[in-house]
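Novice: Before we start, here is the structure in question, set down as structure tokens.
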Amino acid sequence: MKYYAVIDTNVLVSAMLKWDSTPGNILELAFSGMIVPLLNEHIMKEYREVLSRAKFHLTEEIIYDVLVELNRFGVYVDAQELDIDLPDPKDRIFYEVVMEERKAEDAYLVTGNIRHFPLEPYIVTPRQMLDIIIGDMNE
């Protein structure tokens, strides 16, 4: 089974800083094809900009490799702009992409900042996403 998910930048950063973690598990599942990352140019640009911050100490090679893998397994979604106010305006594109994909199939937004988004069952923490996948595997 495949799970379509927008991976918020904070989850990606957490995974890169500590691979042996729940966010790291999310990224591993994305790199194995079980989670299909939902992307667009704005999201990829934010990933690159944030991962390139000096405070994270990630090499260009590591950043490049991660972005290539996300591209390889990901699906680009052309999302319509939505009229929604979020605490962080930069989060809007993540919400718009998940909402666009949900028109066709189940999709999730995986974030460490759950309170930045509307309270919906498809907006989940990394732990909740893993629980959904594990629950489906046990059925």
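Just so we're on the same page: first chain in the structure tokens is A, next is B, and so on; residues restart at 1 for each chain, and ligands are numbered from 1 in the order they show up.
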Tell me which protein, DNA and RNA residues are within 7 Å of Tyr3 of chain A, counting only C-alpha atoms, leaving out same-chain ones fewer than 4 positions away, and put them as a PyMOL selection string.

Specialist: chain A and resi 34-36+107

Novice: Report, in Å to a single decimal, how far apart atom CA of Asn10 of chain A and atom CA of Tyr108 of chain A are.

Specialist: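 Atom-to-atom, atom CA of Tyr108 of chain A to atom CA of Asn10 of chain A, that is 15.1 Å.
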
Novice: Would you kindly return, as number ranges by chain, each protein, DNA or RNA residue with an atom no farther than 10 Å from any atom of Ile84 of chain A, considering only C-alpha atoms and excluding same-chain residues fewer than 4 positions away?

Specialist: A: 89, 92, 95-96, 117-118

Novice: Give me the residues near His116 of chain A as a list in words, where near means some atom within 10 Å (using only C-alpha atoms) and where sequence neighbours in that chain fewer than 4 positions away do not count.

Specialist: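 In the requested form, the answer reads Asp85, Leu86, Pro87, Asp88, Pro89, Asp91, Arg92, Thr111 and Gly112 of chain A.
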
Novice: Can I get the selected residues back with all heavy atoms, as a tab-separated table (two decimals), in the first residue's frame?

Specialist:
chain	number	residue	atom	x	y	z
A	85	ASP	N	-6.18	31.36	6.33
A	85	ASP	CA	-5.17	32.02	7.14
A	85	ASP	C	-4.55	30.99	8.06
A	85	ASP	O	-5.26	30.29	8.80
A	85	ASP	CB	-5.78	33.15	7.98
A	85	ASP	CG	-6.15	34.36	7.14
A	85	ASP	OD1	-5.42	34.65	6.17
A	85	ASP	OD2	-7.18	35.01	7.45
A	86	LEU	N	-3.23	30.89	8.00
A	86	LEU	CA	-2.49	29.99	8.88
A	86	LEU	C	-1.51	30.84	9.70
A	86	LEU	O	-1.09	31.91	9.25
A	86	LEU	CB	-1.73	28.95	8.06
A	86	LEU	CG	-2.57	28.01	7.21
A	86	LEU	CD1	-1.68	27.12	6.34
A	86	LEU	CD2	-3.49	27.16	8.07
A	87	PRO	N	-1.12	30.37	10.88
A	87	PRO	CA	-0.18	31.15	11.71
A	87	PRO	C	1.12	31.51	10.98
A	87	PRO	O	1.65	32.59	11.16
A	87	PRO	CB	0.10	30.23	12.90
A	87	PRO	CG	-1.09	29.35	12.98
A	87	PRO	CD	-1.57	29.17	11.56
A	88	ASP	N	1.61	30.60	10.14
A	88	ASP	CA	2.81	30.86	9.35
A	88	ASP	C	2.42	30.81	7.87
A	88	ASP	O	2.10	29.74	7.35
A	88	ASP	CB	3.88	29.81	9.64
A	88	ASP	CG	5.18	30.08	8.90
A	88	ASP	OD1	5.23	30.98	8.03
A	88	ASP	OD2	6.17	29.37	9.19
A	89	PRO	N	2.42	31.95	7.19
A	89	PRO	CA	2.01	31.98	5.78
A	89	PRO	C	2.81	31.02	4.89
A	89	PRO	O	2.30	30.56	3.88
A	89	PRO	CB	2.24	33.44	5.37
A	89	PRO	CG	2.24	34.22	6.64
A	89	PRO	CD	2.76	33.28	7.70
A	91	ASP	N	3.44	28.05	5.50
A	91	ASP	CA	2.83	26.71	5.60
A	91	ASP	C	1.70	26.53	4.60
A	91	ASP	O	1.28	25.41	4.34
A	91	ASP	CB	2.28	26.47	7.01
A	91	ASP	CG	3.36	26.24	8.04
A	91	ASP	OD1	4.47	25.80	7.65
A	91	ASP	OD2	3.10	26.48	9.23
A	92	ARG	N	1.23	27.60	4.05
A	92	ARG	CA	0.05	27.56	3.17
A	92	ARG	C	0.23	26.60	1.99
A	92	ARG	O	-0.66	25.84	1.66
A	92	ARG	CB	-0.24	28.98	2.69
A	92	ARG	CG	-1.45	29.10	1.86
A	92	ARG	CD	-1.55	30.54	1.37
A	92	ARG	NE	-2.84	30.71	0.81
A	92	ARG	CZ	-3.56	31.78	0.96
A	92	ARG	NH1	-3.11	32.78	1.67
A	92	ARG	NH2	-4.74	31.86	0.39
A	111	THR	N	3.48	16.75	9.83
A	111	THR	CA	4.12	17.94	10.38
A	111	THR	C	4.41	17.79	11.86
A	111	THR	O	3.68	17.10	12.58
A	111	THR	CB	3.24	19.19	10.15
A	111	THR	OG1	3.89	20.34	10.70
A	111	THR	CG2	1.86	19.03	10.77
A	112	GLY	N	5.45	18.44	12.28
A	112	GLY	CA	5.75	18.53	13.71
A	112	GLY	C	5.03	19.70	14.35
A	112	GLY	O	5.03	19.85	15.57

Novice: Can you list, as a list in words, every protein, DNA or RNA residue that comes within 7 Å of segment 60-70 of chain A when you count only C-alpha atoms, leaving out same-chain residues fewer than 6 positions away?

Specialist: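 Within the cut-off, the hits are Phe31, Pro37 and Leu51 of chain A.
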
Novice: Pick the closest to Glu46 of chain A from A:Lys90, A:Ile26, A:Val77, A:Ser21: which is it, counting only C-alpha atoms?

Specialist: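 Checking each of A:Lys90, A:Ile26, A:Val77, A:Ser21 against Glu46 of chain A, counting only C-alpha atoms, the winner is A:Lys90.
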
Novice: Just asking: which residues within chain A are alpha helix (DSSP H) according to DSSP, as a ChimeraX atom specification?

Specialist: /A:9-17,22-32,41-51,60-73,92-101,126-137

Novice: Between A:Met44, A:Val97, A:Val50, A:Ile123, which one has atoms that come closest to Leu109 of chain A, using only C-alpha atoms?

Specialist: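 Counting only C-alpha atoms, the residue closest to Leu109 of chain A is A:Ile123.
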
Novice: Set the distance at 7 Å and use only C-alpha atoms: which residues neighbour Leu39 of chain A once local chain neighbours fewer than 6 positions away are removed? I'd like the list as a PyMOL selection string.

Specialist: chain A and resi 6+74-77

Novice: I need the residue nearest Leu29 of chain A from this list: A:Lys2, A:Leu17, A:Arg115, A:Val11. Use only C-alpha atoms for the distance.

Specialist: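 Looking only at the distances to Leu29 of chain A, the closest residue turns out to be A:Lys2.
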
Novice: Please run DSSP on the backbone and report, as a list of chain:residue names, all residues within segment 19-128 of chain A that come out as strand (DSSP E or B).

Specialist: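 Here are the strand (DSSP E or B) residues of segment 19-128 of chain A: A:Ile35, A:Val36, A:Pro37, A:Leu38, A:Leu39, A:Val75, A:Tyr76, A:Ala107, A:Tyr108, A:Leu109, A:Val110, A:Ile123, A:Val124.
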
Novice: Using only N, CA, C and O atoms, please write the residues we just selected to a file, as a compact mmCIF listing (two decimals), in the first residue's frame.

Specialist:
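out_2.txt written:
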# COMPACT_ATOMS: atom_id res chain seq x y z
N ILE A 35 5.76 5.70 1.33
CA ILE A 35 5.18 7.04 1.39
C ILE A 35 5.59 7.75 0.11
O ILE A 35 6.77 7.81 -0.23
N VAL A 36 4.62 8.28 -0.61
CA VAL A 36 4.88 9.02 -1.84
C VAL A 36 4.86 10.51 -1.47
O VAL A 36 3.80 11.06 -1.14
N PRO A 37 6.03 11.16 -1.50
CA PRO A 37 6.05 12.59 -1.16
C PRO A 37 5.29 13.42 -2.19
O PRO A 37 5.46 13.22 -3.40
N LEU A 38 4.46 14.30 -1.70
CA LEU A 38 3.75 15.23 -2.57
C LEU A 38 4.54 16.52 -2.58
O LEU A 38 4.84 17.09 -1.53
N LEU A 39 4.88 16.96 -3.78
CA LEU A 39 5.81 18.07 -3.95
C LEU A 39 5.27 19.11 -4.91
O LEU A 39 4.32 18.85 -5.65
N VAL A 75 5.66 12.94 -6.23
CA VAL A 75 4.70 13.31 -7.26
C VAL A 75 4.49 14.82 -7.13
O VAL A 75 4.25 15.32 -6.03
N TYR A 76 4.61 15.51 -8.26
CA TYR A 76 4.39 16.95 -8.26
C TYR A 76 2.91 17.25 -8.40
O TYR A 76 2.23 16.66 -9.24
N ALA A 107 -4.68 11.58 1.22
CA ALA A 107 -3.35 12.17 1.33
C ALA A 107 -3.25 12.78 2.72
O ALA A 107 -4.24 13.18 3.32
N TYR A 108 -2.02 12.85 3.22
CA TYR A 108 -1.76 13.35 4.56
C TYR A 108 -0.77 14.50 4.49
O TYR A 108 0.03 14.60 3.57
N LEU A 109 -0.82 15.34 5.51
CA LEU A 109 0.21 16.34 5.72
C LEU A 109 0.90 15.94 7.02
O LEU A 109 0.26 15.88 8.07
N VAL A 110 2.18 15.62 6.93
CA VAL A 110 2.94 15.15 8.10
C VAL A 110 3.77 16.32 8.61
O VAL A 110 4.63 16.84 7.90
N ILE A 123 -4.16 15.63 8.85
CA ILE A 123 -3.01 16.43 9.26
C ILE A 123 -2.46 15.76 10.51
O ILE A 123 -3.11 15.77 11.57
N VAL A 124 -1.29 15.14 10.36
CA VAL A 124 -0.78 14.22 11.39
C VAL A 124 0.67 14.50 11.73
O VAL A 124 1.42 15.07 10.93

Novice: Give me, please, the distance in Å between atom CA of Asp131 of chain A and atom CA of Glu101 of chain A, quoted to one decimal.

Specialist: 21.3 Å

Novice: I want to know what sits within 9 Å of Tyr47 of chain A, based on only C-alpha atoms, with residues of the same chain fewer than 4 positions away left out; could you give that as a ChimeraX atom specification?

Specialist: /A:8-9,12-13,42-43,51-52,63,67

Novice: Using only C-alpha atoms, can you tell me which of A:Ile93, A:Met99, A:Ala54, A:Met1 comes closest to Gly33 of chain A?

Specialist: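 Using only C-alpha atoms, Gly33 of chain A sits closest to A:Met1.
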
Novice: I need the residue nearest Lys18 of chain A from this list: A:Met129, A:Leu58, A:Ile134, A:Leu119. Use only C-alpha atoms for the distance.

Specialist: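 Between A:Met129, A:Leu58, A:Ile134, A:Leu119, the residue approaching Lys18 of chain A most closely is A:Leu58.
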
Novice: Calculated over only C-alpha atoms, which of the candidates A:Ala30, A:Lys45, A:His57, A:Ala104 has the smallest distance to Arg72 of chain A?

Specialist: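 Among A:Ala30, A:Lys45, A:His57, A:Ala104, it is A:Ala30 that comes nearest to Arg72 of chain A.
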
Novice: Report, in Å to a single decimal, how far apart atom CA of Ala79 of chain A and atom CA of Glu100 of chain A are.

Specialist: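 Answer for the atom CA of Glu100 of chain A to atom CA of Ala79 of chain A separation: 5.4 Å.
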